[in-house]
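One file, final_25.txt, carrying compact mmCIF, C-alpha atoms and all ligand atoms:
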# COMPACT_ATOMS: atom_id res chain seq x y z
CA MET A 470 0.00 0.00 0.00
CA HIS A 471 1.32 3.40 -1.00
CA LEU A 472 -0.86 6.43 -0.37
CA LYS A 473 -0.76 9.68 -2.28
CA VAL A 474 -2.91 12.83 -1.97
CA LEU A 475 -4.03 14.51 -5.21
CA PRO A 476 -6.78 16.84 -6.50
CA ALA A 477 -9.92 14.91 -7.51
CA THR A 478 -11.92 15.50 -10.67
CA ALA A 479 -15.50 14.75 -11.70
CA LYS A 480 -14.23 11.59 -13.43
CA ASP A 481 -12.73 10.37 -10.15
CA LEU A 482 -16.15 10.57 -8.55
CA ASP A 483 -17.31 7.57 -10.60
CA GLN A 484 -15.71 5.47 -7.88
CA VAL A 485 -18.08 6.93 -5.28
CA SER A 486 -20.98 5.22 -7.02
CA THR A 487 -19.26 2.09 -8.36
CA VAL A 488 -17.10 0.92 -5.44
CA TYR A 489 -19.11 0.18 -2.26
CA GLY A 490 -20.02 -2.75 -0.07
CA PRO A 491 -18.76 -4.74 2.91
CA GLU A 492 -15.31 -5.44 1.49
CA THR A 493 -14.41 -2.03 0.12
CA GLY A 494 -16.47 0.25 2.35
CA ASP A 495 -17.67 3.45 0.71
CA LEU A 496 -16.90 7.15 0.50
CA VAL A 497 -20.19 8.36 1.99
CA ALA A 498 -19.60 11.19 4.46
CA PRO A 499 -21.24 11.56 7.88
CA ALA A 500 -24.27 13.81 7.37
CA LEU A 501 -25.60 11.45 4.71
CA ALA A 502 -24.48 8.35 6.62
CA ILE A 503 -26.28 9.51 9.79
CA CYS A 504 -29.51 10.24 7.92
CA TRP A 505 -29.44 7.15 5.75
CA HIS A 506 -28.59 4.10 7.78
CA ILE A 507 -27.93 0.91 5.81
CA GLU A 508 -27.44 -2.64 6.98
CA PRO A 509 -23.89 -3.71 6.09
CA GLN A 510 -24.97 -6.65 3.91
CA ASP A 511 -27.75 -4.82 2.07
CA LEU A 512 -25.94 -4.24 -1.22
CA GLU A 513 -28.94 -2.73 -2.98
CA ALA A 514 -29.34 -0.09 -0.29
CA ALA A 515 -25.58 0.54 -0.27
CA LYS A 516 -25.74 1.07 -4.01
CA ARG A 517 -28.63 3.56 -3.76
CA ARG A 518 -26.82 5.52 -1.08
CA ALA A 519 -23.53 5.50 -3.00
CA GLN A 520 -25.28 6.73 -6.13
CA TRP A 521 -26.96 9.55 -4.24
CA SER A 522 -23.66 10.51 -2.65
CA TYR A 523 -22.04 10.52 -6.09
CA LYS A 524 -24.67 12.87 -7.43
CA GLN A 525 -24.22 15.20 -4.50
CA GLN A 526 -20.41 15.31 -4.78
CA LEU A 527 -20.59 15.75 -8.53
CA ALA A 528 -22.90 18.74 -8.17
CA PHE A 529 -20.14 20.65 -6.41
CA LEU A 530 -17.82 20.23 -9.36
CA GLN A 531 -20.14 21.49 -12.07
CA PRO A 532 -18.62 24.53 -13.75
CA ARG A 533 -19.36 27.76 -11.90
CA VAL A 534 -21.53 26.13 -9.22
CA ASP A 535 -19.00 26.62 -6.46
CA PRO A 536 -15.59 28.07 -7.36
CA THR A 537 -14.40 27.69 -3.75
CA VAL A 538 -14.31 23.85 -3.90
CA ARG A 539 -11.02 21.99 -3.70
CA LEU A 540 -11.92 18.30 -3.80
CA MET A 541 -9.02 16.07 -2.78
CA LYS A 542 -8.53 12.32 -2.99
CA VAL A 543 -6.09 9.84 -1.52
CA ILE A 544 -5.19 7.01 -3.84
CA ASP A 545 -3.49 3.72 -3.12
CA THR A 546 -1.01 3.49 -5.99
CA ASP A 547 -0.85 -0.29 -5.51
CA ALA A 548 -4.62 -0.75 -6.04
CA PRO A 549 -6.15 -1.44 -9.48
CA ALA A 550 -7.20 1.60 -11.55
CA GLY A 551 -10.86 2.39 -11.00
CA LYS A 552 -10.66 1.08 -7.42
CA ASP A 553 -7.77 3.14 -6.13
CA ILE A 554 -9.47 6.04 -4.31
CA VAL A 555 -9.41 5.29 -0.59
CA ALA A 556 -10.37 8.69 0.85
CA LEU A 557 -12.11 11.82 -0.32
CA GLY A 558 -12.24 15.24 1.30
CA ARG A 559 -13.72 18.56 0.30
CA TRP A 560 -11.95 21.73 1.29
CA HIS A 561 -13.25 25.18 0.39
CA GLU A 562 -11.20 28.31 0.01
CA TYR A 563 -13.26 31.31 1.07
CA PRO A 564 -11.42 34.59 0.44
CA HIS A 565 -14.11 36.64 2.23
CA GLY A 566 -15.50 34.22 4.80
CA TYR A 567 -18.09 31.49 4.41
CA GLY A 568 -21.12 33.78 4.46
CA ALA A 569 -19.94 35.90 1.52
CA HIS A 570 -19.97 33.10 -1.01
CA GLY A 571 -23.53 31.91 -1.05
CA ASP A 572 -22.24 28.37 -0.86
CA ALA A 573 -24.91 27.31 1.56
CA GLU A 574 -27.76 28.58 -0.59
CA THR A 575 -26.37 27.02 -3.76
CA THR A 576 -25.72 23.74 -2.04
CA THR A 577 -29.14 23.54 -0.44
CA LYS A 578 -30.82 24.10 -3.79
CA LEU A 579 -28.72 21.37 -5.37
CA TRP A 580 -29.57 18.93 -2.63
CA GLU A 581 -33.24 19.69 -2.73
CA GLY A 582 -33.20 19.24 -6.49
CA ASP A 583 -31.45 15.92 -6.17
CA MET A 584 -33.82 14.68 -3.50
CA THR A 585 -36.85 15.24 -5.68
CA GLY A 586 -35.63 12.74 -8.22
CA LEU A 587 -34.27 10.21 -5.76
CA GLU A 588 -36.73 9.71 -2.95
CA VAL A 589 -35.88 6.59 -1.00
CA LYS A 590 -37.58 5.29 2.09
CA GLU A 591 -34.36 4.70 4.05
CA PHE A 592 -33.22 8.29 3.63
CA ASN A 593 -34.51 10.63 6.34
CA THR A 594 -34.51 13.77 4.21
CA ALA A 595 -36.17 15.88 6.93
CA LEU A 596 -33.28 15.12 9.25
CA TYR A 597 -30.74 15.77 6.52
CA THR A 598 -32.21 19.16 5.66
CA ASN A 599 -32.43 20.05 9.35
CA LEU A 600 -28.85 18.99 10.11
CA LEU A 601 -27.31 20.80 7.17
CA GLY A 602 -29.53 23.85 7.56
CA GLU A 603 -28.36 24.26 11.15
CA LEU A 604 -24.74 23.75 10.16
CA PHE A 605 -24.96 26.33 7.39
CA ASP A 606 -26.59 28.83 9.76
CA LYS A 607 -23.84 28.33 12.33
CA ARG A 608 -21.12 28.78 9.73
CA ARG A 609 -22.60 32.14 8.79
CA GLU A 610 -22.42 33.48 12.34
CA PRO A 611 -19.40 35.83 12.32
CA GLU A 612 -18.25 34.74 15.79
CA ARG A 613 -17.83 31.14 14.54
CA PHE A 614 -15.89 31.11 11.30
CA GLY A 615 -15.31 34.87 11.06
CA THR A 616 -15.58 36.94 7.89
CA GLY A 617 -11.96 36.89 6.74
CA SER A 618 -10.12 34.70 4.29
CA GLN A 619 -10.18 31.05 5.40
CA TRP A 620 -10.08 27.39 4.42
CA VAL A 621 -12.95 25.14 5.52
CA LEU A 622 -13.11 21.35 5.45
CA THR A 623 -16.71 20.29 4.81
CA THR A 624 -16.38 16.57 4.03
CA LEU A 625 -13.91 13.83 4.90
CA ALA A 626 -14.36 10.09 4.50
CA THR A 627 -11.97 7.15 4.26
CA ARG A 628 -13.09 3.69 3.12
CA GLU A 629 -13.38 1.49 6.18
CA PRO A 630 -10.60 -1.01 5.32
CA TYR A 631 -8.20 1.89 4.82
CA ARG A 632 -8.92 3.75 8.07
CA ARG A 633 -6.14 4.44 10.60
CA LYS A 634 -3.47 4.34 7.92
CA GLY A 635 -2.98 8.08 7.50
CA ALA A 636 -5.26 8.81 4.51
CA GLY A 637 -7.58 11.22 6.33
CA GLY A 638 -4.58 12.97 7.82
CA MET A 639 -3.10 13.49 4.35
CA ILE A 640 -6.19 15.35 3.14
CA LEU A 641 -6.25 17.33 6.36
CA GLY A 642 -2.57 18.18 6.00
CA TRP A 643 -3.02 19.28 2.40
CA GLY A 644 -5.64 21.89 3.32
CA LEU A 645 -3.69 23.05 6.35
CA GLU A 646 -0.69 23.62 4.12
CA GLN A 647 -2.78 25.84 1.83
CA ALA A 648 -4.02 27.80 4.83
CA ARG A 649 -0.47 28.10 6.15
CA LYS A 650 0.83 29.43 2.84
CA ALA A 651 -2.01 31.97 2.70
CA GLY A 652 -1.53 32.90 6.37
CA VAL A 653 -5.22 32.28 7.15
CA PRO A 654 -7.12 30.05 9.60
CA ALA A 655 -8.80 26.72 8.81
CA PHE A 656 -12.15 25.59 10.22
CA LEU A 657 -14.24 22.43 10.39
CA GLU A 658 -17.03 20.76 12.34
CA ALA A 659 -15.86 17.55 13.96
CA ALA A 660 -17.97 14.53 14.71
CA VAL A 661 -17.11 13.12 18.13
CA GLY A 662 -15.16 10.17 16.70
CA ALA A 663 -12.90 12.33 14.54
CA LYS A 664 -12.06 15.05 17.05
CA HIS A 665 -8.80 13.51 18.23
CA LEU A 666 -7.50 13.26 14.68
CA TYR A 667 -8.17 16.95 14.11
CA GLU A 668 -6.58 17.90 17.44
CA SER A 669 -3.45 16.02 16.52
CA HIS A 670 -3.24 18.19 13.40
CA GLY A 671 -3.46 21.41 15.41
CA PHE A 672 -7.22 22.10 15.46
CA LYS A 673 -8.72 23.42 18.68
CA GLU A 674 -12.37 23.40 19.65
CA ILE A 675 -13.83 26.91 19.63
CA GLN A 676 -17.50 26.03 20.22
CA LYS A 677 -19.78 23.06 20.67
CA ALA A 678 -22.85 22.58 18.50
CA SER A 679 -25.74 20.31 19.42
CA ILE A 680 -28.36 19.55 16.84
CA ASP A 681 -31.59 18.10 18.20
CA CYS A 682 -33.09 15.61 15.75
CA SER A 683 -36.35 15.04 17.68
CA ASP A 684 -38.46 16.93 15.15
CA SER A 685 -36.94 15.02 12.23
CA GLY A 686 -38.03 11.51 13.05
CA MET A 687 -35.28 10.63 15.55
CA PRO A 688 -36.77 11.37 18.98
CA GLY A 689 -34.18 12.00 21.67
CA VAL A 690 -31.21 11.92 19.26
CA VAL A 691 -28.84 14.85 19.52
CA VAL A 692 -25.89 15.13 17.11
CA GLU A 693 -22.93 16.65 18.92
CA LEU A 694 -20.29 18.48 16.91
CA ALA A 695 -17.20 20.46 17.81
CA ILE A 696 -16.51 23.56 15.76
CA MET A 697 -12.74 23.65 15.44
CA ARG A 698 -10.13 26.12 14.25
CA ALA A 699 -6.45 25.80 13.33
CA ASP A 700 -3.96 28.57 12.69
CA PRO A 701 -1.24 26.73 10.82
CA GLY A 702 0.69 29.91 9.96
CA THR A 703 1.43 30.83 13.58
C1 LIG A 801 -12.60 10.23 10.42
C2 LIG A 801 -11.92 9.54 9.25
C3 LIG A 801 -12.13 10.38 7.99
C4 LIG A 801 -10.43 9.42 9.54
O1 LIG A 801 -9.80 8.91 8.38
P1 LIG A 801 -8.49 8.01 8.47
O2 LIG A 801 -8.02 7.80 7.09
O3 LIG A 801 -8.72 6.82 9.31
O4 LIG A 801 -7.50 9.04 9.23
P2 LIG A 801 -6.00 8.77 9.70
O5 LIG A 801 -5.59 7.37 9.38
O6 LIG A 801 -5.16 9.87 9.18
O7 LIG A 801 -6.11 8.97 11.27
C5 LIG A 801 -7.04 8.23 12.04
C6 LIG A 801 -6.33 7.70 13.28
O8 LIG A 801 -5.41 6.69 12.88
C7 LIG A 801 -4.12 6.99 13.41
N1 LIG A 801 -3.14 6.50 12.42
C8 LIG A 801 -2.76 7.11 11.28
N2 LIG A 801 -1.84 6.34 10.64
C9 LIG A 801 -1.68 5.24 11.40
C10 LIG A 801 -0.89 4.08 11.26
N3 LIG A 801 -0.09 3.91 10.22
N4 LIG A 801 -1.01 3.14 12.22
C11 LIG A 801 -1.82 3.28 13.27
N5 LIG A 801 -2.59 4.38 13.46
C12 LIG A 801 -2.53 5.33 12.53
C13 LIG A 801 -4.12 8.50 13.54
O9 LIG A 801 -3.15 8.91 14.48
C14 LIG A 801 -5.52 8.75 14.01
O10 LIG A 801 -5.64 8.47 15.37
P3 LIG A 801 -6.65 9.31 16.32
O11 LIG A 801 -8.02 9.25 15.68
O12 LIG A 801 -6.58 8.63 17.62
O13 LIG A 801 -6.11 10.70 16.32
C15 LIG A 801 -12.50 8.09 9.03
O14 LIG A 801 -12.48 7.41 10.26
C16 LIG A 801 -13.91 8.08 8.47
O15 LIG A 801 -14.10 8.12 7.27
N6 LIG A 801 -14.92 8.04 9.38
C17 LIG A 801 -16.31 8.07 8.97
C18 LIG A 801 -16.67 9.41 8.40
C19 LIG A 801 -16.35 10.53 9.39
O16 LIG A 801 -16.63 10.44 10.56
N7 LIG A 801 -15.77 11.62 8.84
C20 LIG A 801 -15.33 12.77 9.63
C21 LIG A 801 -16.45 13.61 10.04
S1 LIG A 801 -15.97 15.05 10.95
As a first step, turn the structure in this file into structure tokens.
Amino acid sequence: MHLKVLPATAKDLDQVSTVYGPETGDLVAPALAICWHIEPQDLEAAKRRAQWSYKQQLAFLQPRVDPTVRLMKVIDTDAPAGKDIVALGRWHEYPHGYGAHGDAETTTKLWEGDMTGLEVKEFNTALYTNLLGELFDKRREPERFGTGSQWVLTTLATREPYRRKGAGGMILGWGLEQARKAGVPAFLEAAVGAKHLYESHGFKEIQKASIDCSDSGMPGVVVELAIMRADPGT
């Protein structure tokens, strides 16, 4: 196994929809994974979820939709072509803060559009819209991410068999290096399980965010996130 971090293209995203299942894992990131639970052996459901995830990721790369996107992949150069992407992460470069770019509005429209054509019973779309809506609102609050130039990590996923081998850290390190060169901070929202990884790369928690899912079909479930900041140039 030899891992390498590189920019990802729309063509690379084919692997999001074609490589999934118990042996390979998938590249579906947390918000979708939380809202669309699948049983590990249910290949049909895994396929539907992977295809939806593909459509969502692809939407970000359409020309002019979101010029801030820097989609990065980690490949295993020893794996066969077409099955070599082991991790995917989406960084955004926001020269004037998150709120100035309209990313949230654009993204929400894309997701809503996609949902209309792909309604599936396993996918709790109310919860998804609620979770992301709250996240977008929080990002826009000036005391969270600020209004200055910044890099923001919005998605990170490593295929299960490849976890704990440094792939996620490579994507993290790539974005931090861009922020360091630009002399600007980096931000992200960490799920509980990933917080330690981010801390070991220099991120510090600046606020907690709790999103109550009771009104979205998951009574009593609260998603806890840590809003984190790194200042790699200092
Ligand atoms: C979170 C996630 C992206 C991390 O990806 P990853 O490729 O496993 O990340 P890394 O391998 O760089 O680091 C993970 C851990 O493995 C450790 N590690 C890295 N290389 C290692 C190696 N060669 N041997 C042993 N441990 C290693 C890291 O120190 C880190 O430990 P920590 O979590 O205790 O800090 C992955 O677990 C994942 O996809 N989870 C589901 C989706 C998710 O939660 N995404 C993040 C949402 S905020």
Item checked: Between CA of Ala514 in chain A and atom C18 of ligand LIG 801 (chain A), distance in Å (one decimal) -> 18.1 Å
Next item on the list: Kindly provide, as number ranges by chain, all nucleotide and amino acid residues lying within 6 Å of ligand LIG 801 (chain A), counting all atoms listed in the file.
Entry: A: 498-499, 625-627, 632-638, 658-660, 663, 665-666, 669
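Reported to one decimal place, the separation of CA of Arg698 in chain A from CA of Lys677 in chain A is 12.0 Å.
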Check: Residues at most 12 Å from Lys480 in chain A, counting only C-alpha atoms, excluding those fewer than 5 positions away in the same chain, as an NGL selection string?
Finding: :A and (485-487 or 523 or 526-527 or 530-531 or 540 or 542 or 551 or 554)
Next item on the list: Please provide the set of residues having any atom within 9 Å of Arg613 in chain A, restricted to only C-alpha atoms, with same-chain residues fewer than 5 positions apart removed, written as a list of chain:residue names.
Entry: A:Lys607, A:Arg608, A:Ile675, A:Gln676, A:Ile696
Expected file contents, prior selection, C-alpha atoms, as a compact mmCIF listing (two decimals), in the frame of the given file:
# COMPACT_ATOMS: atom_id res chain seq x y z
CA LYS A 607 -23.84 28.33 12.33
CA ARG A 608 -21.12 28.78 9.73
CA ILE A 675 -13.83 26.91 19.63
CA GLN A 676 -17.50 26.03 20.22
CA ILE A 696 -16.51 23.56 15.76
Note to self: Under the rule that only C-alpha atoms are counted, which of A:Tyr567, A:Pro654, A:Ile640, A:Thr624 is the nearest residue to Pro611 in chain A?
What the structure shows: A:Tyr567
Six-sided padding of 6 Å per side, axis-aligned box over range 694-699 of chain A, centre and edges in Å, one decimal, as JSON:
{"center_x": -13.4, "center_y": 22.3, "center_z": 15.6, "size_x": 25.8, "size_y": 19.6, "size_z": 16.5}
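Taking CA of Lys673 in chain A as the reference point, CA of Tyr597 in chain A is found at 26.3 Å.
Nearest to Ser618 in chain A of all the residues A:Ala515, A:Ala648, A:Val497, A:Leu604 is A:Ala648, based on all atoms listed in the file.
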Notebook entry, point to check: Gly644 in chain A: which residues within 8 Å, counting all atoms listed in the file, same-chain residues fewer than 5 positions away excluded, as a PyMOL selection string?
Noted result: chain A and resi 560+620+622+655
Just-selected residues, C-alpha atoms written as a CSV table (one decimal), in the frame of the given file:
chain,number,residue,atom,x,y,z
A,560,TRP,CA,-12.0,21.7,1.3
A,620,TRP,CA,-10.1,27.4,4.4
A,622,LEU,CA,-13.1,21.4,5.4
A,655,ALA,CA,-8.8,26.7,8.8
